Amino acid sequence: MSAPDLSRITTIEDLRVVAKRRVPRMFYDYADSGAWTEGTYRANEEDFQKIKLRQRVAVNMEGRSLRTTLVGQDAAMPLAIAPTGLTGMQHADGEILAARACAEFGVPFTLSTMSICSIEDVAAGTGGHPFWFQLYVMRDRGFIEALIDRAKAAGCSALVLTLDLQIMGQRHKDIKNGLSTPPKPTLANLINLATKPRWCLGMLGTKRRTFGNIVGHAKGVSDMSSLSMWTAEQFDPCLSWADVEWIKKRWGGKLILKGILDVEDARMAADTGADALVVSNHGGRQLDGAVSSISLVPAIADAVGSRIEVLMDGGVRSGQDVLKAVALGARGAMIGRSFLYGLGAFGQPGVKRALEILYKEMDVTMALCGRTQVDKVDQGILVPGTYPA
Ligand code: FNR
């Protein structure tokens, strides 16, 4: 199959529009929705827009570089792909394709516990190129140990431990689409599925797959409804900082704590000795009514930035957003939906295009703000009074 011509795809929004056309409604909505009123989901995007940039002139803009390190690992720009469950629902073999695009581009890819392609599938599909593995804390500690061992065996170069999903938030669209409840296929859903010729359910990829990392362990989980029930039973509502310490010790490698949205929690995260934390509200999918991620980056970076790398995610839809996050003290940003739209629209080339778009936007913006090296970016590129202190 020849590569699609993406020369006119110039924004993440372009990718979103194509993905919406190509991905069946219930899977597009799964990616695109937030919890309850979706207020926090919207705030994540809107708060970036409020931050204004200072244009500078007559500065030598040659020799620019976005190159950096994230948890000590080289990255072409301060960006990583966030873990997203069921990515293989956006495109067949979705996790493998996205991981390949990241390997080609030079930024970390994070595989979710709840992926369609397994840890081993992704390791094989990327020729052993290291990726990050995201872990949820489940009641069954033996299963956690097994997942950690599998991630180690696959050569994963960091463990991303997600802390903000002790219990599941609720998204109205998923319930209405019949995604997380016992399936009641509506006529609209059936027509939608039948009329999306370019769509491939992850499970029908190059190899028949179900829920890659949990299959075998989670007996009886074969569809979305049984998966939801298993998740509700397994995810541990009693998660504590002692569990984090235990997982850190058991893993023994680079550890990133994801889902921090409070300065006090950030201090606790730094106290564990983890390598990084991610300021995150799960893309507005958990606590609706919580503040945007970007609004807390300065306070958290101030409080713990000297002890632990501060990453952030939520609402990053342009290279300008990545630059603003860095200016406010983040070491880097992670993207969820921005890469999912690319994947749903065009598969691997779509994810690569998303990364190229963000890179180009970040590079040009940094230069027009009068900076040439990403490690020299600070609040001086922002207009005072337009960003959170
Ligand atoms: C997520 N997120 C997520 N996080 C995580 O730690 N494990 C997971 O399995 C998932 N699953 C998931 C599915 C989908 C469809 C989305 C959109 C998000 C949250 C994700 O890692 C990240 O925090 C957000 O996506 C960041 O917000 P943006 O970039 O999507 O606005």
# chains A, B, ... in the order shown; residues from 1 in each chain; ligands from 1

$ residues_around --residues "stretch 233-244 of chain A" --least-positions-apart "3" --cutoff "10 Å" --atoms "only C-alpha atoms" --output "JSON, numbers by chain"
{"A": [136, 137, 138, 139, 140, 141, 161, 162, 163, 164, 165, 166, 167, 168, 218, 227, 228, 229, 230, 247, 248, 249, 250, 255, 257, 265, 268, 269, 271, 272, 274]}

$ write_last_selection --atoms "N, CA and C atoms" --output "tab-separated table (two decimals), in the first residue's frame"
chain	number	residue	atom	x	y	z
A	136	TYR	N	-1.08	-0.09	36.00
A	136	TYR	CA	-2.13	0.26	36.96
A	136	TYR	C	-1.95	-0.62	38.19
A	137	VAL	N	-2.31	-0.09	39.35
A	137	VAL	CA	-2.19	-0.91	40.56
A	137	VAL	C	-3.48	-1.72	40.71
A	138	MET	N	-3.29	-3.05	40.66
A	138	MET	CA	-4.44	-3.94	40.76
A	138	MET	C	-4.39	-4.72	42.06
A	139	ARG	N	-5.55	-5.20	42.46
A	139	ARG	CA	-5.61	-5.91	43.76
A	139	ARG	C	-4.67	-7.11	43.77
A	140	ASP	N	-4.59	-7.77	42.62
A	140	ASP	CA	-3.80	-9.00	42.53
A	140	ASP	C	-2.32	-8.64	42.38
A	141	ARG	N	-1.60	-8.65	43.50
A	141	ARG	CA	-0.19	-8.22	43.49
A	141	ARG	C	0.68	-9.18	42.66
A	161	LEU	N	3.83	4.59	36.44
A	161	LEU	CA	2.84	4.06	37.38
A	161	LEU	C	1.71	5.07	37.53
A	162	THR	N	0.51	4.67	37.11
A	162	THR	CA	-0.63	5.60	37.12
A	162	THR	C	-1.34	5.53	38.46
A	163	LEU	N	-1.52	6.71	39.08
A	163	LEU	CA	-2.05	6.76	40.45
A	163	LEU	C	-3.47	7.33	40.52
A	164	ASP	N	-3.98	7.85	39.39
A	164	ASP	CA	-5.26	8.56	39.48
A	164	ASP	C	-6.45	7.74	38.99
A	165	LEU	N	-6.31	6.41	39.05
A	165	LEU	CA	-7.45	5.59	38.62
A	165	LEU	C	-7.68	4.45	39.62
A	166	GLN	N	-7.80	4.84	40.89
A	166	GLN	CA	-8.12	3.82	41.89
A	166	GLN	C	-9.54	3.33	41.67
A	167	ILE	N	-10.41	4.26	41.32
A	167	ILE	CA	-11.72	3.85	40.80
A	167	ILE	C	-11.95	4.60	39.49
A	168	MET	N	-12.81	4.03	38.66
A	168	MET	CA	-13.00	4.57	37.31
A	168	MET	C	-13.91	5.79	37.32
A	218	ALA	N	-6.98	-12.65	33.07
A	218	ALA	CA	-8.35	-12.27	33.36
A	218	ALA	C	-9.30	-13.25	32.68
A	227	LEU	N	-14.70	-6.69	30.12
A	227	LEU	CA	-13.48	-5.96	30.48
A	227	LEU	C	-13.79	-4.89	31.53
A	228	SER	N	-14.90	-4.18	31.32
A	228	SER	CA	-15.28	-3.13	32.28
A	228	SER	C	-15.51	-3.72	33.66
A	229	MET	N	-16.16	-4.86	33.70
A	229	MET	CA	-16.44	-5.47	35.00
A	229	MET	C	-15.15	-5.92	35.67
A	230	TRP	N	-14.24	-6.50	34.87
A	230	TRP	CA	-12.96	-6.96	35.41
A	230	TRP	C	-12.17	-5.78	35.97
A	247	ILE	N	6.45	-1.15	44.52
A	247	ILE	CA	6.58	-1.30	43.06
A	247	ILE	C	7.93	-0.74	42.59
A	248	LYS	N	8.33	0.37	43.20
A	248	LYS	CA	9.62	0.98	42.83
A	248	LYS	C	10.76	-0.03	43.06
A	249	LYS	N	10.71	-0.67	44.21
A	249	LYS	CA	11.75	-1.62	44.56
A	249	LYS	C	11.71	-2.83	43.61
A	250	ARG	N	10.53	-3.32	43.39
A	250	ARG	CA	10.37	-4.52	42.55
A	250	ARG	C	10.82	-4.24	41.12
A	255	LEU	N	11.44	5.22	37.15
A	255	LEU	CA	10.03	5.19	37.56
A	255	LEU	C	9.40	6.57	37.40
A	257	LEU	N	5.78	8.66	38.05
A	257	LEU	CA	4.48	8.59	38.74
A	257	LEU	C	3.49	9.51	38.04
A	265	ASP	N	0.64	16.17	47.00
A	265	ASP	CA	0.90	14.85	46.40
A	265	ASP	C	2.23	14.85	45.64
A	268	MET	N	4.90	14.21	48.07
A	268	MET	CA	4.92	12.78	48.43
A	268	MET	C	5.57	11.97	47.30
A	269	ALA	N	5.23	12.33	46.07
A	269	ALA	CA	5.81	11.62	44.91
A	269	ALA	C	7.32	11.80	44.90
A	271	ASP	N	9.20	12.40	47.43
A	271	ASP	CA	9.76	11.68	48.59
A	271	ASP	C	10.01	10.20	48.28
A	272	THR	N	9.27	9.64	47.33
A	272	THR	CA	9.48	8.21	47.02
A	272	THR	C	10.81	7.98	46.31
A	274	ALA	N	11.18	8.61	43.13
A	274	ALA	CA	10.90	8.30	41.71
A	274	ALA	C	11.65	9.29	40.83

$ residues_around --residues "stretch 282-290 of chain A" --least-positions-apart "3" --cutoff "10 Å" --atoms "only C-alpha atoms" --output "PyMOL selection string"
chain A and resi 31-45+82-84+162-171+258-261+278-279+293+313-316+335-337

$ write_last_selection --atoms "N, CA and C atoms" --output "compact mmCIF listing (two decimals), in the first residue's frame"
# COMPACT_ATOMS: atom_id res chain seq x y z
N ALA A 31 -12.12 7.84 22.67
CA ALA A 31 -10.89 8.64 22.74
C ALA A 31 -11.19 10.10 23.02
N ASP A 32 -12.23 10.59 22.41
CA ASP A 32 -12.45 12.04 22.37
C ASP A 32 -13.22 12.58 23.57
N SER A 33 -13.70 11.72 24.42
CA SER A 33 -14.59 12.22 25.48
C SER A 33 -13.87 12.40 26.81
N GLY A 34 -14.56 13.13 27.71
CA GLY A 34 -14.06 13.30 29.07
C GLY A 34 -15.14 12.92 30.06
N ALA A 35 -14.82 12.98 31.34
CA ALA A 35 -15.78 12.59 32.37
C ALA A 35 -16.89 13.63 32.50
N TRP A 36 -18.08 13.16 32.79
CA TRP A 36 -19.26 13.97 33.11
C TRP A 36 -19.44 15.19 32.22
N THR A 37 -19.30 16.41 32.78
CA THR A 37 -19.59 17.60 31.94
C THR A 37 -18.48 17.89 30.95
N GLU A 38 -17.39 17.18 31.05
CA GLU A 38 -16.19 17.37 30.21
C GLU A 38 -15.56 18.75 30.45
N GLY A 39 -15.89 19.35 31.60
CA GLY A 39 -15.35 20.68 31.92
C GLY A 39 -13.83 20.65 32.08
N THR A 40 -13.33 19.64 32.76
CA THR A 40 -11.87 19.56 32.96
C THR A 40 -11.18 19.23 31.65
N TYR A 41 -11.80 18.37 30.86
CA TYR A 41 -11.25 18.06 29.53
C TYR A 41 -11.10 19.35 28.72
N ARG A 42 -12.14 20.18 28.71
CA ARG A 42 -12.07 21.44 27.95
C ARG A 42 -11.05 22.41 28.57
N ALA A 43 -11.03 22.47 29.91
CA ALA A 43 -10.11 23.40 30.59
C ALA A 43 -8.66 23.08 30.23
N ASN A 44 -8.35 21.81 30.09
CA ASN A 44 -6.98 21.43 29.71
C ASN A 44 -6.56 22.14 28.43
N GLU A 45 -7.45 22.17 27.45
CA GLU A 45 -7.11 22.83 26.17
C GLU A 45 -7.20 24.35 26.31
N ALA A 82 1.70 9.41 25.66
CA ALA A 82 1.08 8.96 26.92
C ALA A 82 0.44 7.58 26.71
N PRO A 83 0.29 6.83 27.80
CA PRO A 83 -0.39 5.54 27.68
C PRO A 83 -1.88 5.74 27.42
N THR A 84 -2.41 5.04 26.46
CA THR A 84 -3.86 5.09 26.23
C THR A 84 -4.37 3.66 26.07
N THR A 162 0.51 4.67 37.11
CA THR A 162 -0.63 5.60 37.12
C THR A 162 -1.34 5.53 38.46
N LEU A 163 -1.52 6.71 39.08
CA LEU A 163 -2.05 6.76 40.45
C LEU A 163 -3.47 7.33 40.52
N ASP A 164 -3.98 7.85 39.39
CA ASP A 164 -5.26 8.56 39.48
C ASP A 164 -6.45 7.74 38.99
N LEU A 165 -6.31 6.41 39.05
CA LEU A 165 -7.45 5.59 38.62
C LEU A 165 -7.68 4.45 39.62
N GLN A 166 -7.80 4.84 40.89
CA GLN A 166 -8.12 3.82 41.89
C GLN A 166 -9.54 3.33 41.67
N ILE A 167 -10.41 4.26 41.32
CA ILE A 167 -11.72 3.85 40.80
C ILE A 167 -11.95 4.60 39.49
N MET A 168 -12.81 4.03 38.66
CA MET A 168 -13.00 4.57 37.31
C MET A 168 -13.91 5.79 37.32
N GLY A 169 -13.49 6.84 36.62
CA GLY A 169 -14.41 7.94 36.34
C GLY A 169 -15.49 7.46 35.38
N GLN A 170 -16.41 8.34 35.06
CA GLN A 170 -17.53 7.91 34.21
C GLN A 170 -17.67 8.85 33.03
N ARG A 171 -17.83 8.26 31.86
CA ARG A 171 -18.02 9.08 30.66
C ARG A 171 -19.38 8.75 30.06
N LYS A 258 2.42 8.95 37.53
CA LYS A 258 1.51 9.71 36.67
C LYS A 258 0.16 9.93 37.36
N GLY A 259 -0.34 11.19 37.21
CA GLY A 259 -1.67 11.48 37.76
C GLY A 259 -1.59 12.38 38.98
N ILE A 260 -0.54 13.20 39.06
CA ILE A 260 -0.38 14.10 40.21
C ILE A 260 -1.02 15.45 39.85
N LEU A 261 -1.89 15.94 40.74
CA LEU A 261 -2.58 17.20 40.45
C LEU A 261 -2.70 18.05 41.72
N VAL A 278 4.16 12.95 36.50
CA VAL A 278 3.39 13.57 35.43
C VAL A 278 2.22 14.32 36.04
N VAL A 279 2.23 15.66 35.89
CA VAL A 279 1.07 16.46 36.30
C VAL A 279 -0.04 16.10 35.31
N SER A 293 -4.36 20.65 33.89
CA SER A 293 -2.99 20.24 34.25
C SER A 293 -2.03 21.42 34.15
N ASP A 313 0.73 16.31 31.18
CA ASP A 313 -0.10 16.02 30.01
C ASP A 313 -1.51 16.55 30.23
N GLY A 314 -2.26 16.61 29.13
CA GLY A 314 -3.63 17.12 29.18
C GLY A 314 -3.78 18.35 28.32
N GLY A 315 -4.45 18.18 27.17
CA GLY A 315 -4.78 19.32 26.32
C GLY A 315 -3.68 19.77 25.38
N VAL A 316 -2.60 19.01 25.27
CA VAL A 316 -1.51 19.41 24.37
C VAL A 316 -1.93 19.09 22.93
N ILE A 335 1.45 13.35 25.16
CA ILE A 335 0.21 13.53 24.38
C ILE A 335 -0.60 12.24 24.33
N GLY A 336 -1.90 12.39 24.52
CA GLY A 336 -2.82 11.26 24.36
C GLY A 336 -3.59 11.42 23.05
N ARG A 337 -4.60 12.27 23.09
CA ARG A 337 -5.50 12.36 21.93
C ARG A 337 -4.77 12.82 20.66

$ residues_around --residues "stretch 117-125 of chain A" --least-positions-apart "2" --cutoff "9 Å" --atoms "only C-alpha atoms" --output "number ranges by chain"
A: 86-88, 93-97, 99-100, 111-115, 127-131, 133, 147, 150-151, 153-156, 202-203, 209-214

$ select_by_dssp --residues "stretch 70-106 of chain A" --states "strand (DSSP E)" --output "list in words"
Leu70, Gln73, Asp74, Ala75, Leu79, Ala80 and Ile81 of chain A

$ residues_around --residues "A:Pro384" --least-positions-apart "5" --cutoff "10 Å" --atoms "only C-alpha atoms" --output "short mmCIF file (atom, residue, chain, number, x, y, z; two decimals) with N, CA and C atoms, in the first residue's frame"
data_model
loop_
_atom_site.label_atom_id
_atom_site.label_comp_id
_atom_site.auth_asym_id
_atom_site.auth_seq_id
_atom_site.Cartn_x
_atom_site.Cartn_y
_atom_site.Cartn_z
N ILE A 51 -2.45 31.56 27.78
CA ILE A 51 -1.05 31.93 28.00
C ILE A 51 -0.51 32.57 26.72
N LYS A 52 0.03 33.78 26.85
CA LYS A 52 0.50 34.51 25.65
C LYS A 52 2.02 34.54 25.59
N LEU A 53 2.50 34.55 24.36
CA LEU A 53 3.95 34.47 24.10
C LEU A 53 4.53 35.85 23.80
N ARG A 54 5.77 36.06 24.19
CA ARG A 54 6.46 37.33 23.90
C ARG A 54 7.25 37.17 22.60
N GLN A 379 10.20 31.14 31.77
CA GLN A 379 9.00 32.00 31.80
C GLN A 379 9.21 33.32 31.09
N ALA A 389 0.83 31.62 38.23
CA ALA A 389 2.09 31.83 38.96
C ALA A 389 2.44 30.58 39.74
#

$ residues_around --residues "A:Ile357" --least-positions-apart "5" --cutoff "8 Å" --atoms "only C-alpha atoms" --output "PyMOL selection string"
chain A and resi 10-12+318-319

$ select_by_dssp --residues "stretch 63-305 of chain A" --states "alpha helix (DSSP H)" --output "ChimeraX atom specification"
/A:94-105,119-125,141-153,172-176,187-194,224-234,241-251,263-271,293-304

$ write_last_selection --atoms "C-alpha atoms" --output "short mmCIF file (atom, residue, chain, number, x, y, z; two decimals), in the first residue's frame"
data_model
loop_
_atom_site.label_atom_id
_atom_site.label_comp_id
_atom_site.auth_asym_id
_atom_site.auth_seq_id
_atom_site.Cartn_x
_atom_site.Cartn_y
_atom_site.Cartn_z
CA GLY A 94 -2.43 0.46 16.80
CA GLU A 95 0.06 0.15 19.64
CA ILE A 96 2.73 -1.39 17.39
CA LEU A 97 2.23 1.28 14.72
CA ALA A 98 2.40 4.14 17.22
CA ALA A 99 5.50 2.66 18.88
CA ARG A 100 7.18 2.36 15.48
CA ALA A 101 6.38 5.99 14.63
CA CYS A 102 7.92 7.06 17.97
CA ALA A 103 11.03 4.95 17.41
CA GLU A 104 11.45 6.50 13.97
CA PHE A 105 10.94 10.03 15.32
CA ILE A 119 4.09 -5.95 25.78
CA GLU A 120 5.66 -8.77 23.79
CA ASP A 121 3.79 -7.83 20.57
CA VAL A 122 5.12 -4.27 20.77
CA ALA A 123 8.67 -5.38 21.61
CA ALA A 124 8.65 -7.72 18.60
CA GLY A 125 6.91 -5.19 16.35
CA ARG A 141 -0.19 -8.22 43.49
CA GLY A 142 1.00 -11.42 41.79
CA PHE A 143 -0.34 -10.07 38.50
CA ILE A 144 1.52 -6.78 39.05
CA GLU A 145 4.72 -8.73 39.63
CA ALA A 146 4.14 -10.71 36.44
CA LEU A 147 3.56 -7.53 34.42
CA ILE A 148 6.70 -5.93 35.85
CA ASP A 149 8.71 -9.03 34.97
CA ARG A 150 7.31 -9.04 31.42
CA ALA A 151 8.14 -5.34 30.99
CA LYS A 152 11.69 -5.99 32.19
CA ALA A 153 12.09 -8.98 29.88
CA HIS A 172 -21.59 9.54 29.48
CA LYS A 173 -20.75 8.91 25.83
CA ASP A 174 -19.28 5.46 26.51
CA ILE A 175 -22.41 4.43 28.39
CA LYS A 176 -24.73 5.78 25.71
CA LEU A 187 -29.12 0.65 14.83
CA ALA A 188 -27.00 3.82 14.74
CA ASN A 189 -23.97 1.92 16.05
CA LEU A 190 -24.42 -0.95 13.62
CA ILE A 191 -24.78 1.39 10.64
CA ASN A 192 -21.75 3.28 11.86
CA LEU A 193 -19.61 0.15 12.10
CA ALA A 194 -20.76 -1.13 8.70
CA MET A 224 -15.78 -4.58 26.35
CA SER A 225 -18.51 -5.32 28.82
CA SER A 226 -16.62 -8.10 30.62
CA LEU A 227 -13.48 -5.96 30.48
CA SER A 228 -15.28 -3.13 32.28
CA MET A 229 -16.44 -5.47 35.00
CA TRP A 230 -12.96 -6.96 35.41
CA THR A 231 -11.43 -3.49 35.61
CA ALA A 232 -13.91 -2.33 38.23
CA GLU A 233 -13.10 -5.40 40.37
CA GLN A 234 -9.35 -5.40 39.86
CA TRP A 241 2.28 5.32 48.95
CA ALA A 242 3.59 2.09 50.50
CA ASP A 243 2.47 0.29 47.31
CA VAL A 244 4.41 2.82 45.26
CA GLU A 245 7.54 2.09 47.32
CA TRP A 246 7.03 -1.63 46.84
CA ILE A 247 6.58 -1.30 43.06
CA LYS A 248 9.62 0.98 42.83
CA LYS A 249 11.75 -1.62 44.56
CA ARG A 250 10.37 -4.52 42.55
CA TRP A 251 10.87 -2.66 39.22
CA VAL A 263 1.36 20.16 45.34
CA GLU A 264 1.13 18.04 48.49
CA ASP A 265 0.90 14.85 46.40
CA ALA A 266 3.82 16.08 44.30
CA ARG A 267 5.92 16.33 47.48
CA MET A 268 4.92 12.78 48.43
CA ALA A 269 5.81 11.62 44.91
CA ALA A 270 9.24 13.27 45.17
CA ASP A 271 9.76 11.68 48.59
CA SER A 293 -2.99 20.24 34.25
CA ILE A 294 -1.12 23.25 32.84
CA SER A 295 -2.48 25.53 35.59
CA LEU A 296 -0.64 23.47 38.22
CA VAL A 297 2.68 23.02 36.44
CA PRO A 298 4.36 26.18 37.85
CA ALA A 299 3.41 25.44 41.48
CA ILE A 300 4.46 21.79 41.25
CA ALA A 301 7.69 22.59 39.39
CA ASP A 302 8.51 25.21 42.06
CA ALA A 303 7.80 22.81 44.90
CA VAL A 304 9.63 19.70 43.65
#

$ decode --residues "stretch 69-98 of chain A" --atoms "N, CA and C atoms" --output "PDB file, in the first residue's frame"
ATOM      1  N   THR A  69      16.643  15.377  27.170  1.00  0.00           N
ATOM      2  CA  THR A  69      16.549  14.038  27.762  1.00  0.00           C
ATOM      3  C   THR A  69      15.293  14.001  28.637  1.00  0.00           C
ATOM      4  N   LEU A  70      14.663  12.842  28.658  1.00  0.00           N
ATOM      5  CA  LEU A  70      13.518  12.611  29.552  1.00  0.00           C
ATOM      6  C   LEU A  70      13.876  11.394  30.399  1.00  0.00           C
ATOM      7  N   VAL A  71      13.816  11.533  31.685  1.00  0.00           N
ATOM      8  CA  VAL A  71      14.336  10.529  32.640  1.00  0.00           C
ATOM      9  C   VAL A  71      15.686   9.958  32.168  1.00  0.00           C
ATOM     10  N   GLY A  72      16.539  10.850  31.747  1.00  0.00           N
ATOM     11  CA  GLY A  72      17.901  10.446  31.375  1.00  0.00           C
ATOM     12  C   GLY A  72      18.020   9.816  29.998  1.00  0.00           C
ATOM     13  N   GLN A  73      16.920   9.756  29.259  1.00  0.00           N
ATOM     14  CA  GLN A  73      16.972   9.125  27.939  1.00  0.00           C
ATOM     15  C   GLN A  73      16.830  10.192  26.853  1.00  0.00           C
ATOM     16  N   ASP A  74      17.624  10.038  25.767  1.00  0.00           N
ATOM     17  CA  ASP A  74      17.590  11.021  24.687  1.00  0.00           C
ATOM     18  C   ASP A  74      16.216  11.108  24.054  1.00  0.00           C
ATOM     19  N   ALA A  75      15.813  12.336  23.715  1.00  0.00           N
ATOM     20  CA  ALA A  75      14.540  12.528  23.001  1.00  0.00           C
ATOM     21  C   ALA A  75      14.728  13.649  21.984  1.00  0.00           C
ATOM     22  N   ALA A  76      14.129  13.495  20.815  1.00  0.00           N
ATOM     23  CA  ALA A  76      14.273  14.481  19.740  1.00  0.00           C
ATOM     24  C   ALA A  76      13.618  15.802  20.109  1.00  0.00           C
ATOM     25  N   MET A  77      12.660  15.751  21.004  1.00  0.00           N
ATOM     26  CA  MET A  77      12.011  16.954  21.522  1.00  0.00           C
ATOM     27  C   MET A  77      11.410  16.597  22.886  1.00  0.00           C
ATOM     28  N   PRO A  78      11.028  17.597  23.687  1.00  0.00           N
ATOM     29  CA  PRO A  78      10.529  17.275  25.030  1.00  0.00           C
ATOM     30  C   PRO A  78       9.105  16.730  25.023  1.00  0.00           C
ATOM     31  N   LEU A  79       8.937  15.571  24.450  1.00  0.00           N
ATOM     32  CA  LEU A  79       7.603  15.008  24.238  1.00  0.00           C
ATOM     33  C   LEU A  79       7.654  13.492  24.327  1.00  0.00           C
ATOM     34  N   ALA A  80       6.600  12.921  24.894  1.00  0.00           N
ATOM     35  CA  ALA A  80       6.460  11.466  24.903  1.00  0.00           C
ATOM     36  C   ALA A  80       4.998  11.148  24.643  1.00  0.00           C
ATOM     37  N   ILE A  81       4.763   9.952  24.147  1.00  0.00           N
ATOM     38  CA  ILE A  81       3.372   9.521  23.947  1.00  0.00           C
ATOM     39  C   ILE A  81       2.851   8.915  25.241  1.00  0.00           C
ATOM     40  N   ALA A  82       1.700   9.407  25.664  1.00  0.00           N
ATOM     41  CA  ALA A  82       1.085   8.956  26.918  1.00  0.00           C
ATOM     42  C   ALA A  82       0.441   7.584  26.713  1.00  0.00           C
ATOM     43  N   PRO A  83       0.290   6.829  27.804  1.00  0.00           N
ATOM     44  CA  PRO A  83      -0.393   5.538  27.680  1.00  0.00           C
ATOM     45  C   PRO A  83      -1.882   5.741  27.419  1.00  0.00           C
ATOM     46  N   THR A  84      -2.413   5.042  26.456  1.00  0.00           N
ATOM     47  CA  THR A  84      -3.863   5.093  26.230  1.00  0.00           C
ATOM     48  C   THR A  84      -4.368   3.656  26.067  1.00  0.00           C
ATOM     49  N   GLY A  85      -5.389   3.329  26.831  1.00  0.00           N
ATOM     50  CA  GLY A  85      -5.948   1.982  26.764  1.00  0.00           C
ATOM     51  C   GLY A  85      -6.661   1.759  25.435  1.00  0.00           C
ATOM     52  N   LEU A  86      -6.704   0.524  25.011  1.00  0.00           N
ATOM     53  CA  LEU A  86      -7.467   0.107  23.834  1.00  0.00           C
ATOM     54  C   LEU A  86      -7.086   0.879  22.557  1.00  0.00           C
ATOM     55  N   THR A  87      -5.823   1.263  22.470  1.00  0.00           N
ATOM     56  CA  THR A  87      -5.351   2.020  21.300  1.00  0.00           C
ATOM     57  C   THR A  87      -5.581   1.236  20.010  1.00  0.00           C
ATOM     58  N   GLY A  88      -5.508  -0.065  20.117  1.00  0.00           N
ATOM     59  CA  GLY A  88      -5.767  -0.914  18.949  1.00  0.00           C
ATOM     60  C   GLY A  88      -7.188  -0.840  18.443  1.00  0.00           C
ATOM     61  N   MET A  89      -8.063  -0.145  19.170  1.00  0.00           N
ATOM     62  CA  MET A  89      -9.425   0.083  18.685  1.00  0.00           C
ATOM     63  C   MET A  89      -9.471   1.236  17.682  1.00  0.00           C
ATOM     64  N   GLN A  90      -8.464   2.088  17.708  1.00  0.00           N
ATOM     65  CA  GLN A  90      -8.449   3.223  16.766  1.00  0.00           C
ATOM     66  C   GLN A  90      -7.938   2.759  15.406  1.00  0.00           C
ATOM     67  N   HIS A  91      -7.106   1.731  15.416  1.00  0.00           N
ATOM     68  CA  HIS A  91      -6.519   1.212  14.172  1.00  0.00           C
ATOM     69  C   HIS A  91      -5.938  -0.160  14.478  1.00  0.00           C
ATOM     70  N   ALA A  92      -6.080  -1.086  13.568  1.00  0.00           N
ATOM     71  CA  ALA A  92      -5.518  -2.415  13.792  1.00  0.00           C
ATOM     72  C   ALA A  92      -4.032  -2.303  14.098  1.00  0.00           C
ATOM     73  N   ASP A  93      -3.554  -3.097  15.041  1.00  0.00           N
ATOM     74  CA  ASP A  93      -2.145  -3.081  15.466  1.00  0.00           C
ATOM     75  C   ASP A  93      -1.724  -1.696  15.950  1.00  0.00           C
ATOM     76  N   GLY A  94      -2.669  -0.940  16.474  1.00  0.00           N
ATOM     77  CA  GLY A  94      -2.434   0.464  16.803  1.00  0.00           C
ATOM     78  C   GLY A  94      -1.222   0.713  17.676  1.00  0.00           C
ATOM     79  N   GLU A  95      -1.053  -0.109  18.721  1.00  0.00           N
ATOM     80  CA  GLU A  95       0.063   0.147  19.645  1.00  0.00           C
ATOM     81  C   GLU A  95       1.405  -0.077  18.945  1.00  0.00           C
ATOM     82  N   ILE A  96       1.459  -1.107  18.100  1.00  0.00           N
ATOM     83  CA  ILE A  96       2.726  -1.386  17.391  1.00  0.00           C
ATOM     84  C   ILE A  96       3.031  -0.241  16.434  1.00  0.00           C
ATOM     85  N   LEU A  97       2.018   0.210  15.707  1.00  0.00           N
ATOM     86  CA  LEU A  97       2.235   1.282  14.721  1.00  0.00           C
ATOM     87  C   LEU A  97       2.676   2.577  15.401  1.00  0.00           C
ATOM     88  N   ALA A  98       2.031   2.896  16.514  1.00  0.00           N
ATOM     89  CA  ALA A  98       2.399   4.136  17.216  1.00  0.00           C
ATOM     90  C   ALA A  98       3.815   4.022  17.783  1.00  0.00           C
TER      91      ALA A  98
END
